[in-house]
Structure formats: C-alpha cells, structure tokens
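Just start_20.cif here, mmCIF, C-alpha atoms and all ligand atoms:
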```cif
data_target
loop_
_atom_site.label_atom_id
_atom_site.label_comp_id
_atom_site.auth_asym_id
_atom_site.auth_seq_id
_atom_site.Cartn_x
_atom_site.Cartn_y
_atom_site.Cartn_z
CA MET A 5 90.28 87.97 114.88
CA SER A 6 89.85 91.59 116.01
CA ASP A 7 87.51 94.13 114.39
CA VAL A 8 90.56 96.01 113.09
CA GLU A 9 91.74 92.92 111.26
CA LYS A 10 88.26 92.03 110.02
CA THR A 11 87.40 95.34 108.40
CA GLU A 12 88.88 96.45 105.13
CA ILE A 13 91.83 98.80 104.80
CA LYS A 14 90.71 102.05 106.37
CA PRO A 15 91.14 105.46 104.73
CA ALA A 16 93.42 107.78 106.69
CA ILE A 17 95.38 110.99 106.60
CA LEU A 18 98.51 111.50 108.64
CA ILE A 19 99.55 114.64 110.49
CA LEU A 20 103.31 114.46 110.84
CA GLY A 21 105.45 116.89 112.75
CA ALA A 22 107.92 117.36 115.56
CA PRO A 23 106.65 117.49 119.12
CA GLY A 24 105.29 120.99 119.60
CA ALA A 25 104.49 121.50 115.90
CA GLY A 26 100.74 121.51 116.60
CA LYS A 27 99.61 118.03 115.48
CA GLY A 28 97.23 117.66 118.42
CA THR A 29 95.69 121.13 117.99
CA GLN A 30 94.93 120.44 114.33
CA GLY A 31 93.87 116.83 114.91
CA ILE A 32 91.31 117.83 117.54
CA VAL A 33 89.69 120.37 115.22
CA LEU A 34 89.67 118.01 112.23
CA GLY A 35 88.17 115.30 114.43
CA GLN A 36 85.17 117.57 115.08
CA ILE A 37 84.25 117.56 111.40
CA PRO A 38 81.69 114.90 110.48
CA ARG A 39 83.29 111.81 108.88
CA PHE A 40 86.70 112.36 110.49
CA TYR A 41 87.97 110.39 113.44
CA HIS A 42 91.03 111.72 115.27
CA PHE A 43 93.42 109.20 116.78
CA ALA A 44 96.16 110.79 118.91
CA CYS A 45 98.49 108.02 119.96
CA GLY A 46 100.10 109.98 122.81
CA ASP A 47 96.67 110.85 124.27
CA VAL A 48 95.60 107.22 124.22
CA PHE A 49 98.83 106.26 126.01
CA ARG A 50 98.29 109.02 128.58
CA GLN A 51 94.77 107.75 129.29
CA LEU A 52 96.05 104.31 130.25
CA ASP A 53 95.78 103.21 133.85
CA THR A 54 99.39 103.43 135.02
CA ARG A 55 98.86 100.34 137.19
CA THR A 56 98.53 98.17 134.08
CA GLU A 57 101.57 96.64 132.42
CA LEU A 58 101.15 98.78 129.30
CA GLY A 59 100.58 101.88 131.42
CA GLN A 60 103.84 101.16 133.24
CA LYS A 61 105.70 100.70 129.97
CA PHE A 62 104.37 104.03 128.73
CA VAL A 63 105.62 105.80 131.87
CA GLU A 64 108.98 104.05 131.60
CA PHE A 65 109.62 105.12 128.00
CA SER A 66 107.86 108.48 127.78
CA ARG A 67 109.57 109.93 130.84
CA LYS A 68 112.90 109.39 129.07
CA GLY A 69 111.57 110.90 125.86
CA GLU A 70 111.75 107.53 124.12
CA LEU A 71 109.25 105.66 121.99
CA VAL A 72 107.24 102.79 123.40
CA PRO A 73 108.30 99.60 121.51
CA ASN A 74 106.52 99.16 118.18
CA GLU A 75 104.78 95.91 118.99
CA LEU A 76 103.13 97.34 122.12
CA THR A 77 102.20 100.53 120.31
CA ILE A 78 100.49 98.72 117.46
CA GLN A 79 98.66 96.49 119.96
CA LEU A 80 97.39 99.59 121.75
CA TRP A 81 96.34 101.14 118.47
CA ALA A 82 94.46 98.02 117.36
CA ALA A 83 92.75 97.58 120.75
CA HIS A 84 91.63 101.21 120.74
CA MET A 85 90.34 100.97 117.19
CA ASP A 86 88.45 97.77 118.03
CA SER A 87 86.73 99.38 120.98
CA ARG A 88 85.81 102.51 118.99
CA ILE A 89 84.44 100.39 116.14
CA SER A 90 82.40 98.26 118.56
CA SER A 91 80.93 101.35 120.20
CA HIS A 92 80.25 102.93 116.78
CA GLN A 93 82.27 106.04 117.62
CA TYR A 94 84.50 105.30 114.67
CA LYS A 95 82.96 103.89 111.49
CA PRO A 96 85.81 102.60 109.37
CA ASP A 97 83.74 102.27 106.20
CA ILE A 98 82.70 105.94 106.14
CA ASP A 99 85.14 107.82 108.41
CA ILE A 100 88.57 109.16 107.52
CA LEU A 101 91.04 108.38 110.25
CA VAL A 102 93.20 111.35 111.26
CA LEU A 103 96.40 109.80 112.52
CA ASP A 104 98.40 111.95 114.94
CA GLY A 105 101.55 110.58 116.54
CA ILE A 106 101.45 107.26 114.73
CA PRO A 107 103.30 105.97 112.74
CA ARG A 108 106.33 107.32 114.51
CA ASN A 109 108.96 105.37 112.57
CA VAL A 110 109.22 103.50 109.29
CA GLU A 111 108.55 100.10 110.87
CA GLN A 112 105.26 101.34 112.33
CA ALA A 113 104.39 102.80 108.92
CA GLN A 114 104.98 99.41 107.33
CA ILE A 115 102.89 97.54 109.91
CA LEU A 116 100.03 100.04 109.65
CA GLU A 117 99.86 99.47 105.93
CA ASN A 118 98.09 96.19 106.70
CA HIS A 119 95.27 98.19 108.26
CA VAL A 120 95.10 101.69 106.78
CA LYS A 121 95.68 103.48 103.51
CA ILE A 122 97.29 106.85 104.05
CA HIS A 123 95.82 109.15 101.40
CA HIS A 124 97.76 112.23 102.42
CA VAL A 125 100.55 113.26 104.77
CA PHE A 126 100.43 116.80 106.16
CA HIS A 127 103.91 117.68 107.33
CA LEU A 128 103.65 120.46 109.92
CA SER A 129 107.04 121.96 109.38
CA CYS A 130 108.76 124.02 112.07
CA PRO A 131 112.50 124.16 111.43
CA ASP A 132 113.00 126.48 114.43
CA ARG A 133 113.87 123.99 117.18
CA ASP A 134 113.93 126.71 119.84
CA GLU A 135 110.31 127.49 119.04
CA LEU A 136 109.37 123.81 119.39
CA ALA A 137 111.14 123.64 122.75
CA ARG A 138 109.34 126.81 123.88
CA ARG A 139 105.94 125.32 122.96
CA MET A 140 106.77 122.07 124.75
CA ARG A 141 107.80 123.89 127.94
CA LYS A 142 104.56 125.82 127.81
CA ARG A 143 102.35 122.74 127.44
CA ALA A 144 104.28 120.90 130.14
CA LEU A 145 102.97 123.53 132.55
CA LYS A 146 99.53 123.87 131.02
CA ASP A 147 98.73 120.18 130.45
CA ASN A 148 100.88 118.69 133.16
CA ARG A 149 102.85 116.61 130.68
CA MET A 150 105.77 115.04 132.44
CA ASP A 151 107.45 114.04 129.17
CA ASP A 152 107.78 117.71 128.23
CA ALA A 153 108.99 118.89 131.59
CA SER A 154 112.75 118.51 131.43
CA GLU A 155 115.10 120.22 129.03
CA ASP A 156 116.98 117.00 128.50
CA VAL A 157 113.84 115.10 127.50
CA ILE A 158 112.66 117.93 125.23
CA GLN A 159 115.95 117.85 123.30
CA ARG A 160 115.89 114.04 123.12
CA ARG A 161 112.34 114.09 121.76
CA ILE A 162 113.26 116.60 119.07
CA LYS A 163 116.31 114.55 118.08
CA LEU A 164 114.30 111.34 118.02
CA TYR A 165 111.84 113.04 115.68
CA GLU A 166 114.67 114.03 113.32
CA ASP A 167 116.30 110.59 113.42
CA GLU A 168 113.31 108.24 113.36
CA THR A 169 110.05 110.01 112.58
CA LYS A 170 110.94 112.52 109.89
CA PRO A 171 112.35 109.79 107.59
CA ILE A 172 108.75 108.58 107.27
CA LEU A 173 108.34 111.43 104.79
CA ASP A 174 110.65 109.61 102.39
CA TYR A 175 108.70 106.41 102.88
CA TYR A 176 105.52 107.89 101.37
CA PRO A 177 105.35 108.99 97.73
CA ASN A 178 106.10 112.69 97.26
CA GLU A 179 102.78 113.39 95.60
CA ILE A 180 100.81 112.47 98.71
CA CYS A 181 102.90 114.71 101.01
CA SER A 182 102.23 118.42 101.65
CA GLU A 183 104.30 120.75 103.71
CA VAL A 184 102.40 123.15 105.95
CA ASP A 185 104.19 126.01 107.71
CA ALA A 186 103.56 125.23 111.38
CA THR A 187 104.90 128.58 112.55
CA GLN A 188 101.73 130.28 111.26
CA SER A 189 98.71 130.87 113.49
CA PRO A 190 96.72 127.69 114.29
CA ALA A 191 93.82 129.04 112.21
CA LYS A 192 96.05 129.56 109.15
CA VAL A 193 97.60 126.09 109.56
CA LEU A 194 94.08 124.65 109.63
CA TYR A 195 93.10 126.72 106.60
CA ASP A 196 96.06 125.33 104.64
CA ILE A 197 95.24 121.76 105.65
CA LEU A 198 91.57 122.14 104.73
CA ALA A 199 92.38 123.70 101.37
CA ARG A 200 94.45 120.66 100.41
CA LEU A 201 92.11 118.18 102.02
CA GLN A 202 89.21 119.30 99.85
CA THR A 203 91.09 118.38 96.72
CA LEU A 204 91.59 114.77 97.83
CA GLU A 205 89.49 112.20 96.05
CA VAL A 206 88.90 110.23 99.26
CA TYR A 207 87.53 113.34 100.95
CA GLN A 208 85.28 114.23 98.02
CA LYS A 209 83.77 110.74 98.05
CA ILE A 210 83.21 110.67 101.80
CA ALA A 211 81.99 114.30 101.97
CA LYS A 212 79.10 113.37 99.70
CA LEU A 213 77.89 110.95 102.35
CA THR A 214 77.38 113.71 104.94
CA VAL A 215 75.07 115.93 102.88
P1 LIG A 301 102.97 112.48 122.00
O1 LIG A 301 101.87 113.01 122.86
O2 LIG A 301 102.49 112.08 120.65
O3 LIG A 301 104.12 113.42 121.94
O4 LIG A 301 103.51 111.14 122.71
C1 LIG A 301 103.96 111.11 124.02
C2 LIG A 301 104.79 109.87 124.25
O5 LIG A 301 103.98 108.71 124.01
C3 LIG A 301 105.98 109.68 123.32
O6 LIG A 301 107.12 110.37 123.77
C4 LIG A 301 106.18 108.18 123.37
O7 LIG A 301 106.82 107.77 124.56
C5 LIG A 301 104.74 107.67 123.41
N1 LIG A 301 104.23 107.48 122.04
C6 LIG A 301 103.22 108.17 121.44
N2 LIG A 301 103.00 107.71 120.21
C7 LIG A 301 103.88 106.71 120.00
C8 LIG A 301 104.17 105.83 118.92
N3 LIG A 301 103.48 105.89 117.76
N4 LIG A 301 105.16 104.92 119.07
C9 LIG A 301 105.84 104.82 120.22
N5 LIG A 301 105.64 105.62 121.29
C10 LIG A 301 104.68 106.55 121.19
#
```
Show me this structure written as structure tokens.
Amino acid sequence: MSDVEKTEIKPAILILGAPGAGKGTQGIVLGQIPRFYHFACGDVFRQLDTRTELGQKFVEFSRKGELVPNELTIQLWAAHMDSRISSHQYKPDIDILVLDGIPRNVEQAQILENHVKIHHVFHLSCPDRDELARRMRKRALKDNRMDDASEDVIQRRIKLYEDETKPILDYYPNEICSEVDATQSPAKVLYDILARLQTLEVYQKIAKLTV
C-alpha cells in the first residue's frame, strides 16, 4: 500500500480556472506560505523524463491539447505525493494541499475524494477567451511550453476546459466555491484568495500550528 493510501484524507484547496487564468502564479505564491503544499499537475508532467512511458504519453496528449488519461494522471499524482511524503517535503497531517490543474474532470474529482477533502474551490474566472489566448501565447514564448504554442491547441485547450473542467464547479457544493476575478492584477487576485482563505476553519486550525 502506498503512503498516499495509508495516510488519512488530506485537507486541500483547489484552484480552478481555464489555462492562462493564473492558477500556477497563485499556486506558487500560496505554496511559499508555511503549511501549504502546492501541487501543479502540469508541472509534474513536464518534469517527467520523456524517455519513460508516462513521459511519452504526456507528450502525446499535451501536444494535441488533450488530457492525459485519468488512470495515468491519478497514478502520477499518487506517486508524486508518496515521494514528497517520504522526503518530508509534504506533511499530509499538517499541510494544506493546494491543488492546481487536478482534478481536471468530474471523474478525477470523484477518484481524488478517496484521498483528499477539498475545503474550498477558488474559481479564477476570466470570461474573456481572447485574453486567455493572449496569456497562453506569451507563456509559450517565455516558458517554452509546446502545448501553448499553436493557435489550434490553445483553442482546443480552452474548449476542453469549458466542456470537461468547468463542470467540476457544479460537482462541489456552492458554499465551498468562490469566484475570483482573474482579470485583476496578480496581487489583487492573491489578496482576494487570502481574504477568503483566512475565514476557512481548516486554515484557522492549521495556522495555529505555525505560530
Ligand atoms: P497545465 O500546465 O496544467 O496546463 O497542463 C499541461 C498539460 O498536462 C495538459 O494539457 C494535459 O495534457 C496535462 N495535464 C495536466 N494536468 C492534467 C490532469 N489533471 N489530467 C490530465 N491531463 C493533465
């Protein structure tokens, strides 16, 4: 049995948003705060050795703007969590997991429920699809992200978000979902997230442990 399966249900928050909405930017900052652990699914996929079978699968799907199959994705997630628990970088009993890029569809949300409890969903909302596409083109150049490089793939990724990922919002109870205007400056987006975060019971309990 893996560490992920052995430990109890882990507390988590989810940052949900279209590609380009700023999930990664916010997740990185939140992950710097003591007692938060940021897990960015796309980053973990990108760090894979592309000579491995999973690395190959990632290249195959991501270059088309498609999702890696759920089973492989959850395996990757569990393996990463296991290794971070073993190396004490992530302490599931006292850290809040900041999920970014996972779950990406309702089936993943259902599977993850065996492992994590999502206490809050921050929906980074950016209804302006042209703005999302502009941000993706920019990061394709800056971060050398092949999946954001072609116009075709950008549009497919945005559509996939609308069709498969956004419905996750209906899966979680309304009262644990907050909408954050992702067109604001990154600092204001963070400010809005932190303001809400501080009111969460799970945060108040865990915050006491750091002082
Ligand atoms: P991201 O950096 O989150 O935009 O992810 C980049 C690519 O990684 C996606 O287009 C997918 O091909 C793959 N990916 C990331 N997260 C997931 C996930 N939860 N499920 C399936 N595929 C994923």
Nearby residues (all atoms listed in the file) at most 9 Å from Tyr94 (chain A), same-chain spacing under 4 positions excluded, as a PDB file with C-alpha atoms, in the coordinates of the input:
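Saved to result05.pdb:
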```pdb
ATOM      1  CA  ARG A  39      83.290 111.810 108.880  1.00  0.00           C
ATOM      2  CA  PHE A  40      86.700 112.360 110.490  1.00  0.00           C
ATOM      3  CA  TYR A  41      87.970 110.390 113.440  1.00  0.00           C
ATOM      4  CA  MET A  85      90.340 100.970 117.190  1.00  0.00           C
ATOM      5  CA  SER A  87      86.730  99.380 120.980  1.00  0.00           C
ATOM      6  CA  ARG A  88      85.810 102.510 118.990  1.00  0.00           C
ATOM      7  CA  ILE A  89      84.440 100.390 116.140  1.00  0.00           C
ATOM      8  CA  SER A  90      82.400  98.260 118.560  1.00  0.00           C
ATOM      9  CA  ILE A  98      82.700 105.940 106.140  1.00  0.00           C
ATOM     10  CA  ASP A  99      85.140 107.820 108.410  1.00  0.00           C
ATOM     11  CA  LEU A 101      91.040 108.380 110.250  1.00  0.00           C
TER      12      LEU A 101
END
```
Between atom O5 of ligand LIG 301 (chain A) and CA of Lys14 (chain A), what is the distance in Å, rounded to a tenth?
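Computed distance, atom O5 of ligand LIG 301 (chain A) to CA of Lys14 (chain A), equals 23.1 Å.
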For a cutoff of 12 Å around the file-coordinate point (93.3, 107.9, 124.5), which residues qualify once you count all atoms listed in the file? I'd like the result as a list in words.
His42, Phe43, Ala44, Cys45, Gly46, Asp47, Val48, Phe49, Arg50, Gln51, Leu52, Asp53, Gly59, Leu80, Trp81, Ala83, His84, Met85, Ser87, Arg88, Asp104 and Gly105 of chain A
Return as a tab-separated table (two decimals) with C-alpha atoms, in the frame of the given file the residues of protein, DNA or RNA that approach ligand LIG 301 (chain A) to within 10 Å, with all atoms listed in the file taken into account.
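In the end it all went to out.tsv:
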```tsv
chain	number	residue	atom	x	y	z
A	21	GLY	CA	105.45	116.89	112.75
A	22	ALA	CA	107.92	117.36	115.56
A	23	PRO	CA	106.65	117.49	119.12
A	24	GLY	CA	105.29	120.99	119.60
A	27	LYS	CA	99.61	118.03	115.48
A	28	GLY	CA	97.23	117.66	118.42
A	44	ALA	CA	96.16	110.79	118.91
A	45	CYS	CA	98.49	108.02	119.96
A	46	GLY	CA	100.10	109.98	122.81
A	47	ASP	CA	96.67	110.85	124.27
A	48	VAL	CA	95.60	107.22	124.22
A	49	PHE	CA	98.83	106.26	126.01
A	50	ARG	CA	98.29	109.02	128.58
A	61	LYS	CA	105.70	100.70	129.97
A	62	PHE	CA	104.37	104.03	128.73
A	63	VAL	CA	105.62	105.80	131.87
A	64	GLU	CA	108.98	104.05	131.60
A	65	PHE	CA	109.62	105.12	128.00
A	66	SER	CA	107.86	108.48	127.78
A	67	ARG	CA	109.57	109.93	130.84
A	68	LYS	CA	112.90	109.39	129.07
A	69	GLY	CA	111.57	110.90	125.86
A	70	GLU	CA	111.75	107.53	124.12
A	71	LEU	CA	109.25	105.66	121.99
A	72	VAL	CA	107.24	102.79	123.40
A	73	PRO	CA	108.30	99.60	121.51
A	74	ASN	CA	106.52	99.16	118.18
A	75	GLU	CA	104.78	95.91	118.99
A	76	LEU	CA	103.13	97.34	122.12
A	77	THR	CA	102.20	100.53	120.31
A	78	ILE	CA	100.49	98.72	117.46
A	80	LEU	CA	97.39	99.59	121.75
A	81	TRP	CA	96.34	101.14	118.47
A	103	LEU	CA	96.40	109.80	112.52
A	104	ASP	CA	98.40	111.95	114.94
A	105	GLY	CA	101.55	110.58	116.54
A	106	ILE	CA	101.45	107.26	114.73
A	107	PRO	CA	103.30	105.97	112.74
A	108	ARG	CA	106.33	107.32	114.51
A	109	ASN	CA	108.96	105.37	112.57
A	112	GLN	CA	105.26	101.34	112.33
A	113	ALA	CA	104.39	102.80	108.92
A	140	MET	CA	106.77	122.07	124.75
A	149	ARG	CA	102.85	116.61	130.68
A	150	MET	CA	105.77	115.04	132.44
A	151	ASP	CA	107.45	114.04	129.17
A	152	ASP	CA	107.78	117.71	128.23
A	157	VAL	CA	113.84	115.10	127.50
A	158	ILE	CA	112.66	117.93	125.23
A	160	ARG	CA	115.89	114.04	123.12
A	161	ARG	CA	112.34	114.09	121.76
A	162	ILE	CA	113.26	116.60	119.07
A	164	LEU	CA	114.30	111.34	118.02
A	165	TYR	CA	111.84	113.04	115.68
A	169	THR	CA	110.05	110.01	112.58
```
One-decimal distance in Å that lies between CA of Asp167 (chain A) and CA of Asn148 (chain A):
26.3 Å
Distance in Å - CA of Val120 (chain A) versus CA of Pro96 (chain A)
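Between CA of Val120 (chain A) and CA of Pro96 (chain A) the gap is 9.7 Å.
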Completion of region 180-201 of chain A up to N, CA, C and O atoms, as a short mmCIF file (atom, residue, chain, number, x, y, z; two decimals), keeping the file's coordinate frame:
```
data_model
loop_
_atom_site.label_atom_id
_atom_site.label_comp_id
_atom_site.auth_asym_id
_atom_site.auth_seq_id
_atom_site.Cartn_x
_atom_site.Cartn_y
_atom_site.Cartn_z
N ILE A 180 101.85 112.47 97.67
CA ILE A 180 100.81 112.47 98.71
C ILE A 180 101.27 113.25 99.96
O ILE A 180 100.62 113.20 101.00
N CYS A 181 102.40 113.95 99.84
CA CYS A 181 102.90 114.71 101.01
C CYS A 181 102.79 116.21 100.75
O CYS A 181 103.17 116.69 99.70
N SER A 182 102.27 116.95 101.74
CA SER A 182 102.23 118.42 101.65
C SER A 182 102.94 118.99 102.86
O SER A 182 102.78 118.49 103.97
N GLU A 183 103.65 120.08 102.60
CA GLU A 183 104.30 120.75 103.71
C GLU A 183 103.43 121.93 104.13
O GLU A 183 102.98 122.70 103.29
N VAL A 184 103.18 122.04 105.43
CA VAL A 184 102.40 123.15 105.95
C VAL A 184 103.29 123.88 106.95
O VAL A 184 103.91 123.25 107.81
N ASP A 185 103.34 125.20 106.83
CA ASP A 185 104.19 126.01 107.71
C ASP A 185 103.55 126.08 109.10
O ASP A 185 102.55 126.79 109.32
N ALA A 186 104.16 125.35 110.04
CA ALA A 186 103.56 125.23 111.38
C ALA A 186 103.86 126.44 112.26
O ALA A 186 103.39 126.50 113.39
N THR A 187 104.62 127.39 111.74
CA THR A 187 104.90 128.58 112.55
C THR A 187 103.79 129.63 112.37
O THR A 187 103.78 130.65 113.04
N GLN A 188 102.86 129.37 111.46
CA GLN A 188 101.73 130.28 111.26
C GLN A 188 100.75 130.13 112.42
O GLN A 188 100.87 129.24 113.26
N SER A 189 99.73 130.98 112.43
CA SER A 189 98.71 130.87 113.49
C SER A 189 97.99 129.53 113.32
O SER A 189 97.89 129.01 112.19
N PRO A 190 97.45 128.96 114.41
CA PRO A 190 96.72 127.69 114.29
C PRO A 190 95.60 127.77 113.26
O PRO A 190 95.37 126.81 112.52
N ALA A 191 94.93 128.92 113.17
CA ALA A 191 93.82 129.04 112.21
C ALA A 191 94.34 128.97 110.77
O ALA A 191 93.72 128.35 109.90
N LYS A 192 95.50 129.58 110.52
CA LYS A 192 96.05 129.56 109.15
C LYS A 192 96.56 128.14 108.81
O LYS A 192 96.43 127.68 107.67
N VAL A 193 97.14 127.48 109.79
CA VAL A 193 97.60 126.09 109.56
C VAL A 193 96.38 125.24 109.17
O VAL A 193 96.42 124.48 108.19
N LEU A 194 95.30 125.40 109.92
CA LEU A 194 94.08 124.65 109.63
C LEU A 194 93.55 124.98 108.23
O LEU A 194 93.16 124.09 107.48
N TYR A 195 93.57 126.24 107.91
CA TYR A 195 93.10 126.72 106.60
C TYR A 195 93.89 126.02 105.49
O TYR A 195 93.32 125.53 104.52
N ASP A 196 95.21 125.97 105.65
CA ASP A 196 96.06 125.33 104.64
C ASP A 196 95.74 123.83 104.52
O ASP A 196 95.69 123.28 103.43
N ILE A 197 95.55 123.21 105.67
CA ILE A 197 95.24 121.76 105.65
C ILE A 197 93.91 121.53 104.94
O ILE A 197 93.78 120.68 104.06
N LEU A 198 92.90 122.33 105.31
CA LEU A 198 91.57 122.14 104.73
C LEU A 198 91.56 122.39 103.22
O LEU A 198 90.88 121.68 102.47
N ALA A 199 92.34 123.38 102.81
CA ALA A 199 92.38 123.70 101.37
C ALA A 199 92.87 122.48 100.59
O ALA A 199 92.32 122.11 99.55
N ARG A 200 93.90 121.83 101.10
CA ARG A 200 94.45 120.66 100.41
C ARG A 200 93.52 119.47 100.53
O ARG A 200 93.30 118.71 99.57
N LEU A 201 92.98 119.32 101.73
CA LEU A 201 92.11 118.18 102.02
C LEU A 201 90.94 118.10 101.04
O LEU A 201 90.56 117.04 100.57
#
```
